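For reference, work24.tsv (TSV, C-alpha atoms and all ligand atoms):
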chain	number	residue	atom	x	y	z
A	1	MET	CA	-10.88	-17.33	-18.58
A	2	SER	CA	-12.74	-15.90	-15.62
A	3	LYS	CA	-11.44	-12.83	-13.84
A	4	LYS	CA	-9.23	-13.14	-10.79
A	5	ARG	CA	-10.84	-12.26	-7.50
A	6	VAL	CA	-9.92	-9.25	-5.40
A	7	LEU	CA	-11.04	-8.71	-1.83
A	8	SER	CA	-10.43	-5.91	0.66
A	9	GLY	CA	-12.03	-4.12	3.57
A	10	ILE	CA	-11.76	-1.15	5.88
A	11	GLN	CA	-12.72	-0.98	9.51
A	12	THR	CA	-15.81	1.05	10.27
A	13	THR	CA	-14.13	3.18	12.87
A	14	GLY	CA	-14.37	6.95	12.58
A	15	ASN	CA	-14.11	8.94	9.41
A	16	LEU	CA	-11.99	7.95	6.46
A	17	HIS	CA	-8.95	10.09	5.76
A	18	LEU	CA	-6.62	10.65	2.83
A	19	GLY	CA	-4.47	7.69	3.90
A	20	ASN	CA	-7.46	5.35	3.58
A	21	TYR	CA	-8.50	6.90	0.32
A	22	LEU	CA	-5.10	7.02	-1.37
A	23	GLY	CA	-3.74	3.86	0.24
A	24	ALA	CA	-6.86	1.78	-0.29
A	25	ILE	CA	-10.13	2.89	-1.89
A	26	ARG	CA	-8.65	4.79	-4.84
A	27	ASN	CA	-6.55	1.77	-5.76
A	28	TRP	CA	-9.60	-0.46	-5.69
A	29	VAL	CA	-11.43	1.88	-8.00
A	30	ASP	CA	-8.48	1.97	-10.39
A	31	ILE	CA	-8.18	-1.80	-10.73
A	32	GLN	CA	-11.77	-2.94	-10.29
A	33	GLN	CA	-12.64	-3.41	-13.97
A	34	ASP	CA	-9.99	-6.10	-14.38
A	35	TYR	CA	-11.20	-8.24	-11.47
A	36	ASP	CA	-14.20	-9.80	-9.76
A	37	ASN	CA	-14.23	-7.74	-6.55
A	38	PHE	CA	-15.55	-8.03	-3.02
A	39	PHE	CA	-15.16	-4.95	-0.80
A	40	PHE	CA	-16.58	-4.89	2.68
A	41	PHE	CA	-17.04	-2.83	5.83
A	42	ALA	CA	-15.18	-4.48	8.68
A	43	ASP	CA	-17.57	-3.75	11.54
A	44	LEU	CA	-16.53	-6.88	13.45
A	45	HIS	CA	-12.97	-5.57	13.42
A	46	ALA	CA	-14.21	-2.18	14.58
A	47	ILE	CA	-15.23	-3.62	17.96
A	48	THR	CA	-11.78	-5.04	18.76
A	49	VAL	CA	-11.12	-1.78	20.61
A	50	PRO	CA	-13.74	-0.13	22.82
A	51	HIS	CA	-16.48	1.26	20.58
A	52	ASP	CA	-19.60	3.37	20.84
A	53	ALA	CA	-22.76	1.34	20.17
A	54	LYS	CA	-24.59	4.54	19.25
A	55	THR	CA	-22.42	5.31	16.23
A	56	LEU	CA	-21.40	1.88	14.88
A	57	ALA	CA	-24.36	1.44	12.50
A	58	GLU	CA	-24.18	5.02	11.25
A	59	ASN	CA	-20.45	4.71	10.60
A	60	THR	CA	-21.06	1.57	8.57
A	61	LEU	CA	-23.66	3.30	6.39
A	62	LYS	CA	-21.47	6.35	5.91
A	63	MET	CA	-18.67	4.14	4.78
A	64	ALA	CA	-20.89	2.43	2.22
A	65	ALA	CA	-21.76	5.85	0.85
A	66	VAL	CA	-18.06	6.80	0.72
A	67	TYR	CA	-17.16	3.64	-1.24
A	68	LEU	CA	-19.88	4.31	-3.78
A	69	ALA	CA	-19.10	8.02	-3.98
A	70	SER	CA	-15.43	7.19	-4.61
A	71	GLY	CA	-16.37	5.25	-7.71
A	72	ILE	CA	-16.86	1.64	-6.70
A	73	ASP	CA	-18.78	0.16	-9.62
A	74	LEU	CA	-21.46	-2.36	-8.71
A	75	ASN	CA	-21.20	-3.97	-12.13
A	76	CYS	CA	-17.89	-5.54	-11.18
A	77	SER	CA	-17.76	-5.09	-7.40
A	78	THR	CA	-19.87	-6.46	-4.57
A	79	ILE	CA	-19.97	-4.39	-1.40
A	80	PHE	CA	-21.28	-5.71	1.88
A	81	VAL	CA	-21.18	-5.47	5.67
A	82	GLN	CA	-18.94	-8.02	7.38
A	83	SER	CA	-21.36	-8.74	10.23
A	84	HIS	CA	-24.15	-9.48	7.73
A	85	VAL	CA	-22.28	-12.57	6.56
A	86	SER	CA	-22.06	-14.88	9.56
A	87	ALA	CA	-19.52	-17.15	7.84
A	88	HIS	CA	-16.80	-14.61	8.79
A	89	SER	CA	-17.20	-15.23	12.50
A	90	GLU	CA	-17.59	-18.93	12.02
A	91	LEU	CA	-14.51	-19.45	9.88
A	92	ALA	CA	-12.54	-17.24	12.28
A	93	TRP	CA	-13.34	-19.73	15.04
A	94	LEU	CA	-12.20	-22.69	12.96
A	95	LEU	CA	-8.97	-20.90	12.02
A	96	ASN	CA	-8.37	-19.96	15.66
A	97	CYS	CA	-8.04	-23.62	16.42
A	98	VAL	CA	-5.22	-24.14	13.91
A	99	THR	CA	-3.34	-20.88	14.57
A	100	PRO	CA	-0.45	-20.98	17.06
A	101	LEU	CA	-0.75	-18.29	19.73
A	102	ASN	CA	2.80	-17.07	19.20
A	103	TRP	CA	2.01	-16.17	15.57
A	104	LEU	CA	-0.47	-13.61	16.90
A	105	GLU	CA	1.65	-12.32	19.74
A	106	ARG	CA	4.26	-11.06	17.33
A	107	MET	CA	1.91	-8.97	15.19
A	108	ILE	CA	3.13	-5.38	15.16
A	109	GLN	CA	-0.34	-3.85	15.00
A	110	PHE	CA	-1.42	-5.89	18.03
A	111	LYS	CA	1.60	-4.78	20.02
A	112	GLU	CA	1.05	-1.13	19.11
A	113	LYS	CA	-2.66	-1.14	19.84
A	114	ALA	CA	-2.36	-3.29	22.97
A	115	VAL	CA	-0.07	-0.76	24.61
A	116	LYS	CA	-2.81	1.85	24.25
A	117	GLN	CA	-5.40	-0.44	25.89
A	118	GLY	CA	-3.24	-1.35	28.90
A	119	GLU	CA	-4.90	-3.82	31.27
A	120	ASN	CA	-8.11	-3.81	29.26
A	121	VAL	CA	-6.80	-5.26	26.05
A	122	GLY	CA	-9.43	-7.67	24.73
A	123	VAL	CA	-8.98	-11.14	23.28
A	124	GLY	CA	-10.56	-9.79	20.07
A	125	LEU	CA	-7.61	-7.50	19.49
A	126	LEU	CA	-5.18	-10.40	19.59
A	127	ASP	CA	-7.50	-12.40	17.37
A	128	TYR	CA	-8.00	-9.58	14.87
A	129	PRO	CA	-5.64	-11.06	12.24
A	130	VAL	CA	-7.39	-14.44	12.35
A	131	LEU	CA	-10.72	-12.78	11.57
A	132	MET	CA	-8.96	-10.95	8.77
A	133	ALA	CA	-7.63	-14.26	7.45
A	134	ALA	CA	-11.19	-15.61	7.51
A	135	ASP	CA	-12.41	-12.52	5.58
A	136	ILE	CA	-9.92	-13.19	2.83
A	137	LEU	CA	-9.94	-16.99	2.67
A	138	LEU	CA	-13.74	-17.27	2.54
A	139	TYR	CA	-13.75	-15.68	-0.92
A	140	ASP	CA	-10.83	-17.63	-2.40
A	141	ALA	CA	-9.30	-14.21	-3.05
A	142	ASP	CA	-6.39	-14.11	-5.50
A	143	ARG	CA	-5.27	-10.58	-4.64
A	144	VAL	CA	-5.70	-8.40	-1.58
A	145	PRO	CA	-5.02	-4.69	-2.12
A	146	VAL	CA	-4.03	-3.00	1.15
A	147	GLY	CA	-1.68	-0.38	2.51
A	148	GLU	CA	1.84	-1.26	3.57
A	149	ASP	CA	0.76	-1.50	7.24
A	150	GLN	CA	-1.33	-4.61	6.54
A	151	LYS	CA	1.47	-6.61	4.95
A	152	GLN	CA	2.21	-8.61	8.07
A	153	HIS	CA	-1.44	-9.59	8.43
A	154	LEU	CA	-1.42	-10.86	4.87
A	155	GLU	CA	1.67	-12.92	5.51
A	156	LEU	CA	-0.14	-14.43	8.46
A	157	THR	CA	-3.19	-15.18	6.31
A	158	ARG	CA	-0.96	-17.03	3.86
A	159	ASP	CA	0.66	-18.97	6.70
A	160	ILE	CA	-2.72	-19.95	8.14
A	161	ALA	CA	-4.00	-21.08	4.72
A	162	ALA	CA	-0.85	-23.11	4.14
A	163	ARG	CA	-1.19	-24.72	7.55
A	164	VAL	CA	-4.81	-25.72	6.96
A	165	ASN	CA	-3.85	-27.15	3.57
A	166	ASP	CA	-0.94	-28.99	5.11
A	167	GLN	CA	-2.96	-30.49	7.95
A	168	PHE	CA	-6.27	-31.12	6.22
A	169	GLY	CA	-5.80	-30.77	2.48
A	170	LYS	CA	-3.23	-33.36	1.53
A	171	GLN	CA	-5.35	-34.64	-1.38
A	172	LYS	CA	-6.65	-31.28	-2.50
A	173	PRO	CA	-5.90	-27.81	-1.05
A	174	VAL	CA	-8.77	-26.56	1.11
A	175	LEU	CA	-7.93	-22.85	0.94
A	176	LYS	CA	-6.50	-20.62	-1.74
A	177	VAL	CA	-3.29	-18.83	-0.69
A	178	PRO	CA	-3.77	-15.11	-1.58
A	179	GLU	CA	-1.22	-12.60	-2.86
A	180	PRO	CA	-0.89	-9.12	-1.37
A	181	MET	CA	-1.22	-6.15	-3.73
A	182	ILE	CA	0.60	-3.14	-2.37
A	183	ARG	CA	1.02	-0.06	-4.48
A	184	GLU	CA	4.16	1.96	-3.99
A	185	GLU	CA	2.55	5.33	-4.38
A	186	GLY	CA	0.26	6.29	-1.54
A	187	ALA	CA	1.04	3.07	0.31
A	188	ARG	CA	1.98	5.16	3.30
A	189	ILE	CA	0.50	8.62	3.68
A	190	MET	CA	2.03	10.34	6.67
A	191	SER	CA	0.57	12.57	9.39
A	192	LEU	CA	0.39	16.29	8.62
A	193	THR	CA	1.82	17.10	12.03
A	194	ASP	CA	4.65	14.54	12.04
A	195	GLY	CA	6.06	13.18	8.79
A	196	SER	CA	7.51	10.15	10.52
A	197	LYS	CA	4.11	8.80	11.67
A	198	LYS	CA	1.41	7.49	9.38
A	199	MET	CA	-1.83	9.36	8.99
A	200	SER	CA	-4.25	7.57	11.27
A	201	LYS	CA	-7.85	7.64	12.46
A	202	SER	CA	-6.65	7.18	16.01
A	203	ASP	CA	-4.30	10.17	16.20
A	204	PRO	CA	-5.79	12.46	18.88
A	205	SER	CA	-5.02	15.55	16.80
A	206	GLU	CA	-7.48	16.30	14.00
A	207	LEU	CA	-4.85	18.51	12.43
A	208	SER	CA	-2.81	15.39	11.68
A	209	ARG	CA	-5.22	14.16	9.00
A	210	ILE	CA	-7.42	15.41	6.19
A	211	GLU	CA	-10.72	13.57	6.21
A	212	LEU	CA	-12.52	12.77	2.99
A	213	LEU	CA	-15.55	14.76	4.12
A	214	ASP	CA	-13.62	17.79	5.41
A	215	SER	CA	-14.97	21.15	4.26
A	216	ALA	CA	-12.86	23.40	2.06
A	217	GLU	CA	-12.20	25.63	5.08
A	218	ALA	CA	-11.04	22.70	7.20
A	219	ILE	CA	-8.69	21.54	4.45
A	220	LYS	CA	-7.28	25.03	4.10
A	221	ARG	CA	-6.74	25.37	7.84
A	222	LYS	CA	-5.07	21.96	8.20
A	223	ILE	CA	-2.68	22.51	5.31
A	224	LYS	CA	-1.87	25.99	6.60
A	225	LYS	CA	-0.93	24.57	9.99
A	226	CYS	CA	0.80	21.41	8.81
A	227	LYS	CA	4.40	20.76	9.74
A	228	THR	CA	7.07	21.84	7.24
A	229	ASP	CA	10.74	22.78	7.43
A	230	PRO	CA	12.73	25.98	6.92
A	231	ILE	CA	14.34	24.85	3.66
A	232	LYS	CA	13.46	26.47	0.35
A	233	GLY	CA	13.20	24.27	-2.71
A	234	LEU	CA	11.00	21.19	-2.32
A	235	THR	CA	12.27	17.68	-3.01
A	236	PHE	CA	11.06	14.09	-2.82
A	237	ASP	CA	12.88	11.32	-0.97
A	238	ASP	CA	15.13	13.35	1.33
A	239	PRO	CA	15.23	11.28	4.55
A	240	GLU	CA	15.84	14.48	6.49
A	241	ARG	CA	12.59	15.95	5.13
A	242	PRO	CA	9.77	13.43	5.65
A	243	GLU	CA	7.09	16.14	5.71
A	244	CYS	CA	8.28	17.53	2.41
A	245	ASN	CA	8.19	14.12	0.76
A	246	ASN	CA	4.70	13.45	2.11
A	247	LEU	CA	3.20	16.77	0.98
A	248	LEU	CA	4.71	16.49	-2.48
A	249	THR	CA	3.35	12.94	-2.74
A	250	LEU	CA	-0.13	14.17	-1.82
A	251	TYR	CA	0.14	16.92	-4.41
A	252	GLN	CA	1.28	14.42	-7.01
A	253	ILE	CA	-1.41	11.82	-6.45
A	254	LEU	CA	-4.34	14.16	-5.84
A	255	GLY	CA	-3.40	16.23	-8.87
A	256	ASN	CA	-2.92	13.15	-11.07
A	257	LYS	CA	0.61	14.22	-11.94
A	258	THR	CA	3.81	12.23	-12.32
A	259	LYS	CA	6.57	12.39	-9.77
A	260	VAL	CA	8.92	13.86	-12.37
A	261	GLU	CA	6.46	16.65	-13.17
A	262	VAL	CA	5.99	17.57	-9.52
A	263	ALA	CA	9.71	17.41	-8.79
A	264	ALA	CA	10.37	19.87	-11.60
A	265	GLU	CA	7.45	22.15	-10.73
A	266	CYS	CA	8.37	22.42	-7.05
A	267	GLN	CA	12.15	22.35	-7.05
A	268	ASP	CA	12.49	26.10	-6.49
A	269	MET	CA	9.33	26.69	-4.49
A	270	GLY	CA	8.99	27.76	-0.89
A	271	TRP	CA	6.19	26.60	1.39
A	272	GLY	CA	4.30	29.89	1.01
A	273	GLN	CA	3.89	29.19	-2.66
A	274	PHE	CA	3.31	25.44	-2.40
A	275	LYS	CA	0.67	25.31	0.33
A	276	PRO	CA	-2.07	27.17	-1.58
A	277	LEU	CA	-1.45	24.88	-4.56
A	278	LEU	CA	-1.79	21.77	-2.44
A	279	THR	CA	-4.92	23.21	-0.81
A	280	ALA	CA	-6.61	23.91	-4.14
A	281	THR	CA	-5.65	20.50	-5.54
A	282	THR	CA	-6.98	18.69	-2.47
A	283	ILE	CA	-10.28	20.56	-2.44
A	284	GLU	CA	-10.76	19.96	-6.13
A	285	ALA	CA	-10.01	16.23	-5.82
A	286	LEU	CA	-12.41	15.72	-2.92
A	287	GLN	CA	-15.34	17.86	-4.04
A	288	PRO	CA	-16.94	15.41	-6.48
A	289	ILE	CA	-16.71	12.61	-3.91
A	290	GLN	CA	-18.31	14.76	-1.24
A	291	HIS	CA	-21.11	15.82	-3.55
A	292	LYS	CA	-21.96	12.24	-4.46
A	293	TYR	CA	-21.67	11.17	-0.83
A	294	HIS	CA	-24.33	13.62	0.33
A	295	GLU	CA	-26.62	12.55	-2.47
A	296	LEU	CA	-26.29	8.90	-1.43
A	297	MET	CA	-26.79	9.61	2.27
A	298	ASN	CA	-30.10	11.23	1.33
A	299	ASN	CA	-31.16	8.07	-0.44
A	300	ARG	CA	-31.25	5.55	2.36
A	301	ASP	CA	-33.49	3.10	0.52
A	302	TYR	CA	-30.96	2.79	-2.25
A	303	LEU	CA	-28.07	2.25	0.17
A	304	ASP	CA	-30.08	-0.40	2.02
A	305	SER	CA	-30.85	-2.22	-1.20
A	306	VAL	CA	-27.18	-2.23	-2.27
A	307	LEU	CA	-26.12	-3.68	1.08
A	308	ARG	CA	-28.90	-6.25	1.09
A	309	GLU	CA	-27.92	-7.51	-2.32
A	310	GLY	CA	-24.22	-7.40	-1.42
A	311	ALA	CA	-24.75	-9.54	1.68
A	312	SER	CA	-26.70	-12.07	-0.30
A	313	LYS	CA	-24.05	-12.40	-3.02
A	314	ALA	CA	-21.24	-12.54	-0.48
A	315	SER	CA	-23.00	-15.15	1.66
A	316	ALA	CA	-23.46	-17.44	-1.32
A	317	VAL	CA	-19.71	-17.51	-1.94
A	318	ALA	CA	-18.64	-17.52	1.72
A	319	ASN	CA	-20.96	-20.35	2.75
A	320	GLN	CA	-19.56	-22.64	0.11
A	321	THR	CA	-16.04	-22.16	1.41
A	322	LEU	CA	-17.17	-22.59	4.98
A	323	THR	CA	-18.78	-25.93	4.11
A	324	ARG	CA	-15.59	-27.00	2.33
A	325	VAL	CA	-13.48	-26.19	5.40
A	326	LYS	CA	-15.87	-27.90	7.80
A	327	ASP	CA	-15.87	-30.99	5.62
A	328	ALA	CA	-12.07	-31.02	5.50
A	329	LEU	CA	-11.87	-30.64	9.28
A	330	GLY	CA	-14.16	-33.64	9.66
A	331	PHE	CA	-17.35	-32.17	11.12
A	332	LEU	CA	-20.62	-34.08	11.03
A	333	PRO	CA	-22.64	-32.26	8.35
A	334	PRO	CA	-25.95	-30.66	9.49
A	335	LEU	CA	-28.61	-33.36	9.49
B	1	LIG	P1	-7.69	1.29	8.65
B	1	LIG	O1	-7.98	2.72	8.74
B	1	LIG	O2	-6.54	0.90	9.51
B	1	LIG	O3	-8.87	0.39	8.77
B	1	LIG	O4	-7.13	1.06	7.17
B	1	LIG	C1	-7.94	0.88	6.04
B	1	LIG	C2	-7.10	0.80	4.79
B	1	LIG	O5	-6.43	2.04	4.58
B	1	LIG	C3	-5.99	-0.26	4.82
B	1	LIG	O6	-5.84	-0.83	3.54
B	1	LIG	C4	-4.78	0.51	5.21
B	1	LIG	O7	-3.60	-0.10	4.77
B	1	LIG	C5	-5.03	1.85	4.53
B	1	LIG	N1	-4.38	2.94	5.26
B	1	LIG	C6	-4.67	3.36	6.51
B	1	LIG	N2	-3.88	4.40	6.87
B	1	LIG	C7	-3.07	4.63	5.80
B	1	LIG	C8	-2.03	5.57	5.52
B	1	LIG	N3	-1.67	6.50	6.41
B	1	LIG	N4	-1.43	5.52	4.33
B	1	LIG	C9	-1.79	4.60	3.40
B	1	LIG	N5	-2.75	3.69	3.59
B	1	LIG	C10	-3.40	3.69	4.77
B	2	LIG	N1	-7.24	-4.88	8.92
B	2	LIG	C1	-7.55	-4.08	7.77
B	2	LIG	C2	-7.12	-2.65	8.05
B	2	LIG	O1	-7.01	-2.20	9.14
B	2	LIG	C3	-9.02	-4.10	7.44
B	2	LIG	C4	-9.40	-5.45	7.01
B	2	LIG	C5	-10.14	-6.35	7.71
B	2	LIG	C6	-9.03	-6.08	5.78
B	2	LIG	N2	-10.29	-7.49	7.01
B	2	LIG	C7	-9.62	-7.37	5.83
B	2	LIG	C8	-8.30	-5.68	4.69
B	2	LIG	C9	-9.45	-8.26	4.77
B	2	LIG	C10	-8.13	-6.59	3.64
B	2	LIG	C11	-8.70	-7.87	3.68
B	2	LIG	O2	-6.91	-1.96	7.11

Encoded form using structure tokens:
Amino acid sequence: MSKKRVLSGIQTTGNLHLGNYLGAIRNWVDIQQDYDNFFFFADLHAITVPHDAKTLAENTLKMAAVYLASGIDLNCSTIFVQSHVSAHSELAWLLNCVTPLNWLERMIQFKEKAVKQGENVGVGLLDYPVLMAADILLYDADRVPVGEDQKQHLELTRDIAARVNDQFGKQKPVLKVPEPMIREEGARIMSLTDGSKKMSKSDPSELSRIELLDSAEAIKRKIKKCKTDPIKGLTFDDPERPECNNLLTLYQILGNKTKVEVAAECQDMGWGQFKPLLTATTIEALQPIQHKYHELMNNRDYLDSVLREGASKASAVANQTLTRVKDALGFLPPL
């Protein structure tokens, strides 16, 4: 039996942080051997909010280097740039025409991001989840590993696929309905400055997040300044202590320990004792990734060749699906 297909992506905005790594990339690396994987850099999604044309390309390349440095294995995973496979934009258009507007208006991420854009909110931001549906459906993905925050977008993808099948696939389903894959641990890494908000690229304060490429000094400084509480003895899952839960979770995952081990180790600790431990664990976990990253960034020809091959493999799969959808919708085939 052939392997099930996994697909996921990350927007090429800004630098990746621990939330992206622990909530997304690390999970992909852990499961990749059991699946046929497509991982991509969502640069078309990156322009749904105002972006800087001078840094978009560089951000995309950096992200490719981060994926590879984090352990994405090209023997079982294809990595590619979203904008290099034109089928994404084209399927998004077709899906736009079957998606009711009110499905998009109730997306939480849209509402949150739209507030920040005020009068200038673009049509692309509203349409973001339809492009995401196209990303997924083009590859007949069985599973889509994402963080908790993307769950609603996956539900929408399933609804869109079901609607296309219902309207145009009575004889034979046109699109495969994908399943989300959300890991409990690390699904939601919180901000270092406010344990009730998720760690995010768009938080104005750099102290709120640890970036994958942060230097040891930066990591030390951020953990030193992070928000804690005056209580001695550290525990998981106390709703009154979101920061404590978050920092213990980071320590657990980055140190490859079990929750039970960490709970026992830290139950009598104060912050003064815990913070240096978390700092050392974080630095140690990130160092090999950073080392590999710099090596890859110095080998541009190799990166280019990986992305060229990725785009070609991805296009072959995506174009087949696109043709299938166009046929089902009744278009005159190219003559
Ligand atoms: P984004 O940075 O929004 O493009 O997210 C890229 C991937 O990282 C998605 O799978 C998100 O669900 C995941 N992610 C982003 N922020 C966090 C976070 N704070 N905790 C866990 N996962 C996250
Ligand atoms: N919207 C996703 C995020 O912010 C990124 C993304 C775009 C994605 N297309 C996708 C994730 C397709 C999974 C599958 O994290």

(message) Quick one: residues within 12 Å of Thr193 in chain A, only C-alpha atoms, excluding same-chain residues fewer than 4 positions away - as a PyMOL selection string?
(response) chain A and resi 189+197-200+203-210+222-229+242-244+246-247

How big is the axis-aligned box, and where does its centre sit, when it encloses all atoms of range 55-65 of chain A listed in the file and has 8 Å added on every side, reported in Å to one decimal as JSON?
{"center_x": -21.5, "center_y": 3.9, "center_z": 8.5, "size_x": 21.7, "size_y": 20.9, "size_z": 31.4}

(message) Under the rule that all atoms listed in the file are counted, which of A:Glu295, A:Asp52, A:Glu284, A:Glu105 is the nearest residue to Lys220 in chain A?
(response)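 That would be A:Glu284, the residue with the smallest distance to Lys220 in chain A.
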
(message) Report, in Å to a single decimal, how far apart CA of Tyr139 in chain A and CA of Leu126 in chain A are.
(response)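 Straight-line distance from CA of Leu126 in chain A to CA of Tyr139 in chain A works out to 22.8 Å.
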
(request) Residues up to 10 Å from ligand LIG 2 (chain B), counting only C-alpha atoms and all ligand atoms: could you list those as number ranges by chain? (result) A: 6-13, 20, 23-24, 38-46, 82, 88, 109, 128-137, 141, 143-151, 153-154, 157, 180

(request) Give me, please, the distance in Å between atom P1 of ligand LIG 1 (chain B) and CA of Val325 in chain A, quoted to one decimal. (result) 28.3 Å

(request) One decimal, Å: what's the distance from CA of Asp159 in chain A over to CA of Asn96 in chain A, could you say? (result)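 So the two atoms, CA of Asp159 in chain A and CA of Asn96 in chain A, lie 12.8 Å apart.
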
(request) Would you list the contacts of Asp73 in chain A as a list in words, taking every protein, DNA or RNA residue within 9 Å and counting all atoms listed in the file, but skipping same-chain residues closer than 5 positions in sequence? (result) Val29, Gln32, Gln33, Leu68 and Thr78 of chain A

(request) Could you check which of A:Lys257, A:Met181, A:Asn298, A:Ile283 is closest to Arg221 in chain A, using all atoms listed in the file? (result)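 Among the listed residues, the smallest separation from Arg221 in chain A belongs to A:Ile283.
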
Please output range 309-324 of chain A, rebuilt to include N, CA, C and O atoms, as a PDB file, in the coordinates of the input.
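To be explicit, this is the file written out as part.pdb:
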ATOM      1  N   GLU A 309     -28.342  -6.683  -1.203  1.00  0.00           N
ATOM      2  CA  GLU A 309     -27.920  -7.510  -2.320  1.00  0.00           C
ATOM      3  C   GLU A 309     -26.477  -7.972  -2.150  1.00  0.00           C
ATOM      4  O   GLU A 309     -26.123  -9.120  -2.443  1.00  0.00           O
ATOM      5  N   GLY A 310     -25.630  -7.066  -1.645  1.00  0.00           N
ATOM      6  CA  GLY A 310     -24.220  -7.400  -1.420  1.00  0.00           C
ATOM      7  C   GLY A 310     -24.087  -8.554  -0.438  1.00  0.00           C
ATOM      8  O   GLY A 310     -23.332  -9.508  -0.673  1.00  0.00           O
ATOM      9  N   ALA A 311     -24.837  -8.496   0.656  1.00  0.00           N
ATOM     10  CA  ALA A 311     -24.750  -9.540   1.680  1.00  0.00           C
ATOM     11  C   ALA A 311     -25.194 -10.877   1.099  1.00  0.00           C
ATOM     12  O   ALA A 311     -24.619 -11.933   1.409  1.00  0.00           O
ATOM     13  N   SER A 312     -26.201 -10.823   0.237  1.00  0.00           N
ATOM     14  CA  SER A 312     -26.700 -12.070  -0.300  1.00  0.00           C
ATOM     15  C   SER A 312     -25.687 -12.699  -1.274  1.00  0.00           C
ATOM     16  O   SER A 312     -25.407 -13.902  -1.215  1.00  0.00           O
ATOM     17  N   LYS A 313     -25.078 -11.868  -2.112  1.00  0.00           N
ATOM     18  CA  LYS A 313     -24.050 -12.400  -3.020  1.00  0.00           C
ATOM     19  C   LYS A 313     -22.840 -12.911  -2.260  1.00  0.00           C
ATOM     20  O   LYS A 313     -22.283 -13.967  -2.576  1.00  0.00           O
ATOM     21  N   ALA A 314     -22.427 -12.154  -1.252  1.00  0.00           N
ATOM     22  CA  ALA A 314     -21.240 -12.540  -0.480  1.00  0.00           C
ATOM     23  C   ALA A 314     -21.502 -13.844   0.278  1.00  0.00           C
ATOM     24  O   ALA A 314     -20.659 -14.741   0.303  1.00  0.00           O
ATOM     25  N   SER A 315     -22.680 -13.947   0.883  1.00  0.00           N
ATOM     26  CA  SER A 315     -23.000 -15.150   1.660  1.00  0.00           C
ATOM     27  C   SER A 315     -22.946 -16.402   0.786  1.00  0.00           C
ATOM     28  O   SER A 315     -22.476 -17.456   1.221  1.00  0.00           O
ATOM     29  N   ALA A 316     -23.435 -16.276  -0.438  1.00  0.00           N
ATOM     30  CA  ALA A 316     -23.460 -17.440  -1.320  1.00  0.00           C
ATOM     31  C   ALA A 316     -22.044 -17.986  -1.520  1.00  0.00           C
ATOM     32  O   ALA A 316     -21.817 -19.198  -1.440  1.00  0.00           O
ATOM     33  N   VAL A 317     -21.090 -17.080  -1.738  1.00  0.00           N
ATOM     34  CA  VAL A 317     -19.710 -17.510  -1.940  1.00  0.00           C
ATOM     35  C   VAL A 317     -19.096 -18.010  -0.625  1.00  0.00           C
ATOM     36  O   VAL A 317     -18.481 -19.084  -0.554  1.00  0.00           O
ATOM     37  N   ALA A 318     -19.288 -17.224   0.437  1.00  0.00           N
ATOM     38  CA  ALA A 318     -18.640 -17.520   1.720  1.00  0.00           C
ATOM     39  C   ALA A 318     -19.134 -18.859   2.290  1.00  0.00           C
ATOM     40  O   ALA A 318     -18.344 -19.651   2.825  1.00  0.00           O
ATOM     41  N   ASN A 319     -20.430 -19.121   2.159  1.00  0.00           N
ATOM     42  CA  ASN A 319     -20.960 -20.350   2.750  1.00  0.00           C
ATOM     43  C   ASN A 319     -20.419 -21.606   2.086  1.00  0.00           C
ATOM     44  O   ASN A 319     -20.217 -22.633   2.734  1.00  0.00           O
ATOM     45  N   GLN A 320     -20.144 -21.485   0.804  1.00  0.00           N
ATOM     46  CA  GLN A 320     -19.560 -22.640   0.110  1.00  0.00           C
ATOM     47  C   GLN A 320     -18.181 -22.970   0.670  1.00  0.00           C
ATOM     48  O   GLN A 320     -17.843 -24.124   0.916  1.00  0.00           O
ATOM     49  N   THR A 321     -17.383 -21.926   0.872  1.00  0.00           N
ATOM     50  CA  THR A 321     -16.040 -22.160   1.410  1.00  0.00           C
ATOM     51  C   THR A 321     -16.114 -22.709   2.826  1.00  0.00           C
ATOM     52  O   THR A 321     -15.374 -23.617   3.200  1.00  0.00           O
ATOM     53  N   LEU A 322     -17.038 -22.132   3.599  1.00  0.00           N
ATOM     54  CA  LEU A 322     -17.170 -22.590   4.980  1.00  0.00           C
ATOM     55  C   LEU A 322     -17.501 -24.083   5.019  1.00  0.00           C
ATOM     56  O   LEU A 322     -16.905 -24.853   5.795  1.00  0.00           O
ATOM     57  N   THR A 323     -18.410 -24.507   4.162  1.00  0.00           N
ATOM     58  CA  THR A 323     -18.780 -25.930   4.110  1.00  0.00           C
ATOM     59  C   THR A 323     -17.557 -26.779   3.730  1.00  0.00           C
ATOM     60  O   THR A 323     -17.306 -27.838   4.311  1.00  0.00           O
ATOM     61  N   ARG A 324     -16.783 -26.275   2.768  1.00  0.00           N
ATOM     62  CA  ARG A 324     -15.590 -27.000   2.330  1.00  0.00           C
ATOM     63  C   ARG A 324     -14.608 -27.183   3.488  1.00  0.00           C
ATOM     64  O   ARG A 324     -14.061 -28.262   3.708  1.00  0.00           O
TER      65      ARG A 324
END
